[in-house]
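> File query.cif below, mmCIF, C-alpha atoms:
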```cif
data_work
#
loop_
_atom_site.label_atom_id
_atom_site.label_comp_id
_atom_site.auth_asym_id
_atom_site.auth_seq_id
_atom_site.Cartn_x
_atom_site.Cartn_y
_atom_site.Cartn_z
CA MET A 35 -42.69 44.00 -45.44
CA PRO A 36 -43.52 41.57 -42.67
CA ASN A 37 -41.54 38.35 -42.87
CA LEU A 38 -43.14 36.47 -40.00
CA PRO A 39 -45.95 34.03 -40.64
CA LYS A 40 -48.95 34.72 -38.44
CA THR A 41 -49.14 31.08 -37.42
CA ILE A 42 -45.95 29.99 -35.75
CA ASP A 43 -44.41 26.87 -34.39
CA THR A 44 -43.72 27.68 -30.74
CA SER A 45 -41.80 24.43 -30.31
CA ALA A 46 -39.33 25.59 -32.95
CA TRP A 47 -38.93 28.89 -31.09
CA VAL A 48 -38.09 27.02 -27.89
CA ASP A 49 -35.62 24.75 -29.71
CA GLU A 50 -33.92 27.61 -31.51
CA TYR A 51 -33.92 30.48 -29.04
CA SER A 52 -34.55 29.26 -25.48
CA ASP A 53 -30.91 28.47 -24.65
CA MET A 54 -29.51 31.80 -25.84
CA LEU A 55 -32.32 33.73 -24.15
CA TYR A 56 -31.85 31.72 -20.95
CA ASN A 57 -28.07 32.26 -20.97
CA TYR A 58 -28.60 36.00 -21.40
CA ALA A 59 -31.20 36.12 -18.60
CA PHE A 60 -29.27 33.88 -16.20
CA THR A 61 -26.09 35.96 -16.57
CA ARG A 62 -28.10 38.98 -15.46
CA VAL A 63 -30.40 37.64 -12.75
CA SER A 64 -28.30 34.69 -11.48
CA ASP A 65 -31.38 32.72 -10.55
CA HIS A 66 -32.29 29.62 -12.54
CA GLU A 67 -36.04 29.72 -11.91
CA MET A 68 -36.26 33.47 -12.46
CA ALA A 69 -34.27 33.25 -15.70
CA LYS A 70 -36.47 30.38 -16.89
CA ASP A 71 -39.64 32.34 -16.06
CA LEU A 72 -38.31 35.39 -17.89
CA VAL A 73 -37.69 33.31 -21.01
CA GLN A 74 -41.14 31.77 -20.79
CA ASP A 75 -42.72 35.23 -20.30
CA THR A 76 -40.75 36.47 -23.31
CA PHE A 77 -42.24 33.79 -25.53
CA VAL A 78 -45.73 34.45 -24.17
CA SER A 79 -45.39 38.21 -24.75
CA ALA A 80 -44.07 37.58 -28.24
CA LEU A 81 -47.05 35.37 -29.04
CA LYS A 82 -49.45 38.04 -27.79
CA ALA A 83 -47.68 40.77 -29.75
CA LEU A 84 -47.28 38.72 -32.90
CA ASP A 85 -49.74 40.87 -34.84
CA ASN A 86 -47.67 43.97 -34.06
CA PHE A 87 -44.40 42.46 -35.24
CA GLN A 88 -43.57 44.19 -38.49
CA GLY A 89 -40.60 42.07 -39.48
CA LYS A 90 -38.20 45.02 -39.46
CA SER A 91 -35.80 42.99 -37.33
CA THR A 92 -35.11 39.28 -37.02
CA ILE A 93 -37.18 37.17 -34.62
CA LYS A 94 -34.05 36.68 -32.51
CA THR A 95 -33.53 40.45 -32.14
CA TRP A 96 -37.21 40.94 -31.41
CA LEU A 97 -37.25 38.23 -28.71
CA PHE A 98 -34.10 39.66 -27.12
CA SER A 99 -35.64 43.15 -27.02
CA ILE A 100 -38.69 41.71 -25.20
CA LEU A 101 -36.44 39.81 -22.78
CA LYS A 102 -34.33 42.90 -22.06
CA ARG A 103 -37.47 44.87 -21.13
CA LYS A 104 -38.56 42.04 -18.85
CA ILE A 105 -35.17 41.97 -17.12
CA ILE A 106 -35.31 45.75 -16.58
CA ASP A 107 -38.82 45.37 -15.10
CA HIS A 108 -37.47 42.63 -12.85
CA TRP A 109 -34.64 44.88 -11.63
CA ARG A 110 -37.06 47.74 -11.02
CA LYS A 111 -39.31 45.47 -8.94
CA GLN A 112 -36.26 44.41 -6.92
CA ASP A 113 -35.43 48.08 -6.36
CA VAL A 114 -38.92 48.86 -5.10
CA ARG A 115 -38.68 46.03 -2.58
CA LYS A 116 -35.52 47.48 -1.12
CA THR A 117 -35.88 50.15 1.55
CA LYS A 118 -33.20 52.23 -0.07
CA PRO A 119 -32.56 52.38 -3.80
CA MET A 120 -29.19 51.10 -5.01
CA SER A 121 -28.50 54.36 -6.80
CA ALA A 122 -28.66 56.17 -3.50
CA SER A 123 -26.62 53.64 -1.58
CA ALA A 124 -23.81 54.01 -4.09
CA THR A 125 -23.38 57.67 -3.34
CA GLU A 126 -24.81 58.51 0.05
CA ASN A 127 -23.27 55.85 2.24
CA GLU A 128 -19.75 56.53 1.28
CA SER A 129 -17.83 59.67 0.47
CA GLY A 130 -15.34 59.92 -2.39
CA GLU A 131 -12.55 59.96 0.19
CA GLU A 132 -13.75 56.67 1.70
CA ARG A 133 -13.89 55.08 -1.73
CA ILE A 134 -10.29 56.16 -2.36
CA LEU A 135 -9.22 54.72 0.99
CA GLN A 136 -10.99 51.48 0.11
CA ARG A 137 -9.05 51.43 -3.18
CA GLN A 138 -5.75 52.11 -1.46
CA ASN A 139 -6.22 49.23 0.94
CA ALA A 140 -7.40 46.74 -1.65
CA PRO A 141 -4.98 43.99 -2.69
CA SER A 142 -3.64 44.07 -6.24
CA ILE A 143 -4.66 41.71 -9.03
CA SER A 144 -2.18 43.03 -11.57
CA GLU A 145 -0.15 39.81 -11.40
CA ILE A 146 -3.01 37.71 -12.77
CA GLU A 147 -2.14 36.37 -16.20
CA VAL A 148 -5.20 36.71 -18.38
CA ASP A 149 -5.51 33.78 -20.72
CA TYR A 150 -8.72 33.75 -22.73
CA GLU A 151 -8.68 29.96 -22.80
CA ASN A 152 -8.58 29.79 -19.01
CA LYS A 153 -12.06 28.52 -18.31
CA GLU A 154 -11.53 28.41 -14.54
CA LEU A 155 -10.71 32.11 -14.37
CA GLY A 156 -13.77 32.80 -16.51
CA GLU A 157 -15.91 30.88 -14.04
CA VAL A 158 -14.40 32.71 -11.07
CA ILE A 159 -15.17 36.11 -12.57
CA MET A 160 -18.73 34.93 -13.29
CA THR A 161 -19.10 33.91 -9.66
CA CYS A 162 -17.73 37.27 -8.55
CA ILE A 163 -20.12 39.14 -10.85
CA ARG A 164 -23.00 37.05 -9.49
CA ASP A 165 -22.00 38.14 -5.98
CA LEU A 166 -22.47 41.81 -6.87
CA PRO A 167 -25.69 43.51 -5.78
CA GLU A 168 -28.29 42.71 -8.42
CA LYS A 169 -28.60 46.18 -9.88
CA TRP A 170 -24.84 46.67 -10.05
CA ARG A 171 -24.57 43.34 -11.86
CA GLY A 172 -26.86 44.49 -14.64
CA ILE A 173 -25.02 47.78 -14.98
CA VAL A 174 -21.60 46.08 -15.03
CA ILE A 175 -22.71 43.57 -17.66
CA ASP A 176 -24.41 46.20 -19.82
CA LYS A 177 -21.50 48.61 -19.65
CA LEU A 178 -18.37 46.46 -19.33
CA VAL A 179 -19.38 43.23 -21.08
CA ASP A 180 -21.89 44.40 -23.69
CA HIS A 181 -20.30 47.88 -24.06
CA LYS A 182 -23.63 49.66 -24.26
CA GLU A 183 -23.67 53.44 -24.53
CA SER A 184 -23.67 55.14 -21.13
CA GLU A 185 -26.81 57.06 -21.99
CA GLU A 186 -28.65 53.82 -22.74
CA VAL A 187 -27.45 52.16 -19.52
CA CYS A 188 -28.51 55.19 -17.45
CA LYS A 189 -31.93 55.20 -19.08
CA GLU A 190 -32.47 51.46 -18.64
CA HIS A 191 -31.38 51.44 -15.01
CA ASP A 192 -32.81 54.83 -14.13
CA ILE A 193 -29.58 56.32 -12.82
CA THR A 194 -27.63 59.52 -13.48
CA PRO A 195 -24.35 59.48 -15.47
CA SER A 196 -22.30 60.34 -12.38
CA ASN A 197 -24.02 57.55 -10.46
CA LEU A 198 -23.18 55.16 -13.28
CA TRP A 199 -19.44 55.73 -12.81
CA VAL A 200 -19.68 55.53 -9.02
CA ILE A 201 -21.45 52.17 -9.33
CA ILE A 202 -18.96 50.93 -11.94
CA HIS A 203 -16.07 51.96 -9.72
CA ARG A 204 -17.48 50.37 -6.58
CA ALA A 205 -18.35 47.20 -8.47
CA LYS A 206 -14.79 47.00 -9.80
CA ILE A 207 -13.39 47.36 -6.27
CA GLN A 208 -15.67 44.55 -5.09
CA LEU A 209 -14.71 42.38 -8.07
CA ARG A 210 -11.04 42.97 -7.35
CA GLU A 211 -11.51 41.85 -3.75
CA CYS A 212 -13.45 38.81 -4.89
CA LEU A 213 -10.79 37.85 -7.45
CA THR A 214 -8.09 38.24 -4.83
CA ALA A 215 -9.94 35.93 -2.45
CA LYS A 216 -11.07 33.36 -5.01
CA TRP A 217 -8.15 33.34 -7.43
CA VAL A 218 -4.98 35.06 -6.19
CA ASN A 219 -5.09 33.65 -2.66
CA SER A 220 -6.37 30.20 -3.54
CA MET B 803 -4.03 70.76 -14.41
CA MET B 804 -3.92 68.67 -11.22
CA ILE B 805 -6.93 66.43 -10.65
CA ASP B 806 -7.81 64.52 -7.50
CA CYS B 807 -7.83 60.71 -7.16
CA GLU B 808 -11.61 60.49 -7.53
CA LYS B 809 -11.52 62.24 -10.88
CA ALA B 810 -8.50 60.19 -11.95
CA ALA B 811 -10.31 56.94 -11.08
CA LYS B 812 -13.33 58.04 -13.09
CA ILE B 813 -11.17 58.71 -16.17
CA ILE B 814 -9.45 55.32 -15.74
CA ASP B 815 -12.84 53.58 -15.47
CA GLN B 816 -14.17 55.41 -18.51
CA LYS B 817 -11.11 54.57 -20.61
CA ASP B 818 -11.32 50.89 -19.64
CA ALA B 819 -15.01 50.85 -20.53
CA ALA B 820 -14.08 51.97 -24.06
CA GLU B 821 -15.62 55.37 -23.38
CA LYS B 822 -14.34 58.38 -25.31
CA VAL B 823 -12.08 60.45 -23.09
CA GLY B 824 -10.93 63.84 -24.29
CA TRP B 825 -7.30 64.74 -24.97
CA TRP B 826 -7.18 67.19 -22.06
CA SER B 827 -8.59 64.65 -19.57
CA ARG B 828 -6.07 62.04 -20.72
CA ARG B 829 -3.27 64.54 -20.26
CA LYS B 830 -4.49 65.43 -16.77
CA LEU B 831 -4.67 61.73 -15.90
CA ARG B 832 -1.14 61.13 -17.17
CA PHE B 833 0.11 63.99 -15.03
CA HIS B 834 -1.77 62.67 -11.99
CA LEU B 835 -0.36 59.16 -12.49
CA VAL B 836 3.20 60.48 -12.45
CA LEU B 837 2.60 61.72 -8.93
CA CYS B 838 0.14 59.17 -7.53
CA LYS B 839 1.31 55.59 -7.03
CA MET B 840 -2.08 54.50 -5.71
CA CYS B 841 -3.90 55.51 -8.90
CA LYS B 842 -1.10 54.06 -11.00
CA ASN B 843 -1.70 50.72 -9.28
CA TYR B 844 -5.44 51.09 -9.71
CA LYS B 845 -4.92 51.68 -13.44
CA LYS B 846 -2.96 48.40 -13.71
CA ASP B 847 -5.61 46.48 -11.77
CA SER B 848 -8.42 48.06 -13.75
CA ALA B 849 -6.82 47.00 -17.04
CA VAL B 850 -6.47 43.39 -15.81
CA LEU B 851 -10.04 43.41 -14.50
CA SER B 852 -11.39 44.68 -17.82
CA LYS B 853 -9.66 41.83 -19.65
CA ILE B 854 -11.06 39.29 -17.19
CA ILE B 855 -14.58 40.71 -17.46
CA ARG B 856 -14.40 40.36 -21.24
CA MET B 857 -13.71 36.66 -20.67
CA MET B 858 -17.03 36.34 -18.92
CA GLY B 859 -19.09 36.54 -22.11
CA LYS B 860 -16.90 33.89 -23.66
CA HIS B 861 -17.38 31.38 -20.85
CA SER B 862 -21.03 32.11 -20.18
CA ASN B 863 -22.92 29.17 -21.63
CA HIS B 864 -25.90 28.26 -19.48
CA CYS B 865 -28.60 26.06 -20.99
CA LEU B 866 -32.02 24.70 -20.13
CA THR B 867 -32.48 20.95 -19.77
CA GLU B 868 -34.47 19.03 -22.37
CA GLN B 869 -37.18 18.44 -19.75
CA GLU B 870 -37.42 22.16 -19.04
CA LYS B 871 -37.70 22.89 -22.74
CA ALA B 872 -40.45 20.28 -23.09
CA GLU B 873 -42.35 21.88 -20.18
CA MET B 874 -41.91 25.29 -21.79
CA LYS B 875 -43.28 23.98 -25.08
CA ASN B 876 -46.31 22.52 -23.30
CA ASN B 877 -46.95 25.77 -21.45
CA LEU B 878 -46.77 27.75 -24.68
CA LEU B 879 -49.18 25.41 -26.44
CA GLN B 880 -51.72 26.06 -23.70
CA LYS B 881 -51.47 29.85 -24.20
#
```
For this file, write the structure as structure tokens.


Amino acid sequence: MPNLPKTIDTSAWVDEYSDMLYNYAFTRVSDHEMAKDLVQDTFVSALKALDNFQGKSTIKTWLFSILKRKIIDHWRKQDVRKTKPMSASATENESGEERILQRQNAPSISEIEVDYENKELGEVIMTCIRDLPEKWRGIVIDKLVDHKESEEVCKEHDITPSNLWVIIHRAKIQLRECLTAKWVNS
Amino acid sequence: MMIDCEKAAKIIDQKDAAEKVGWWSRRKLRFHLVLCKMCKNYKKDSAVLSKIIRMMGKHSNHCLTEQEKAEMKNNLLQK
């Protein structure tokens, strides 16, 4: 049974959902204008698709599902612009042996005391995640922050399961280096 | 029984990502870690990194300005 009125107050949507949608988008694309545009496009798409909304989920869930599709489209467009896809660069440029060597030489972060109230450390890791290549960032957030199923992440980002773990591993190495530079050594 | 460092790293990454790892793989990893200091260190770092990444969601609180929201409302009214 549909629970959404067919005439809606778009201002109320903006007041209620824009910040959470923007936060979600910004964390993934790290670009204020792009995140803002994605939120705006989400609302526009929702308005256009209002007749198709069957009320099986909440408006919030529905808006987030639209936004997620838009972010995936954004990542795919970014991929097309690159001469070499990220999925390939994660495997072809570097052998497993080189990755292991990279790991061996990386400084350790095991001495960092993780305090969940430490806002500064939270901000540093956000900066480090923002410094990751765009596609890696989405994969890391989906898999390590949102704990999505691997199958879902692979499907959304159009990568193979083995590529997923190569990207996760390389991203973690880069994050460790970033944390060492921006937290341990500072 | 013996796995290489690449396989060990993959199991460590999967475990830290809350992925299901089979009993046999965990046993092989444990055996590898007894012999490989490098992977043992990576396991420690990976655990710390996972904790820190979980903090990210907690501290991520970006908002739009009131002016930007007003502009968004205007744009939507025109649609």

> With a distance threshold of 7 Å and counting all atoms listed in the file, extract the residues of chain B near chain A and express them as a list in words.

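Residues satisfying the distance criterion: Glu808, Lys812, Asp815, Ala819, Met840, Lys846, Asp847, Val850, Lys853, Ile854, Ile855, Arg856, Met857, Met858, Gly859, His861, Asn863, His864, Cys865, Leu866, Lys871, Met874, Lys875 and Leu878 of chain B.
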
> Could you please determine the separation between CA of Ser79 in chain A and CA of Glu190 in chain A in Å, to one decimal place?

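Here the two named atoms are 19.5 Å from each other.
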
> Evaluate the PyMOL selection byres ((chain B and resi 814) around 10) on the structure here and hand back the selected residues as a PyMOL selection string.

(chain A and resi 203) or (chain B and resi 808-813+815-819+821+823+828+831+841-842+844-846+848-849)

> Could you jot down the CA of Ser852 in chain B to CA of Cys162 in chain A separation for me, Å, one decimal place?

13.5 Å

> How many Å lie between CA of Glu873 in chain B and CA of Glu67 in chain A, rounded to one decimal?

13.0 Å
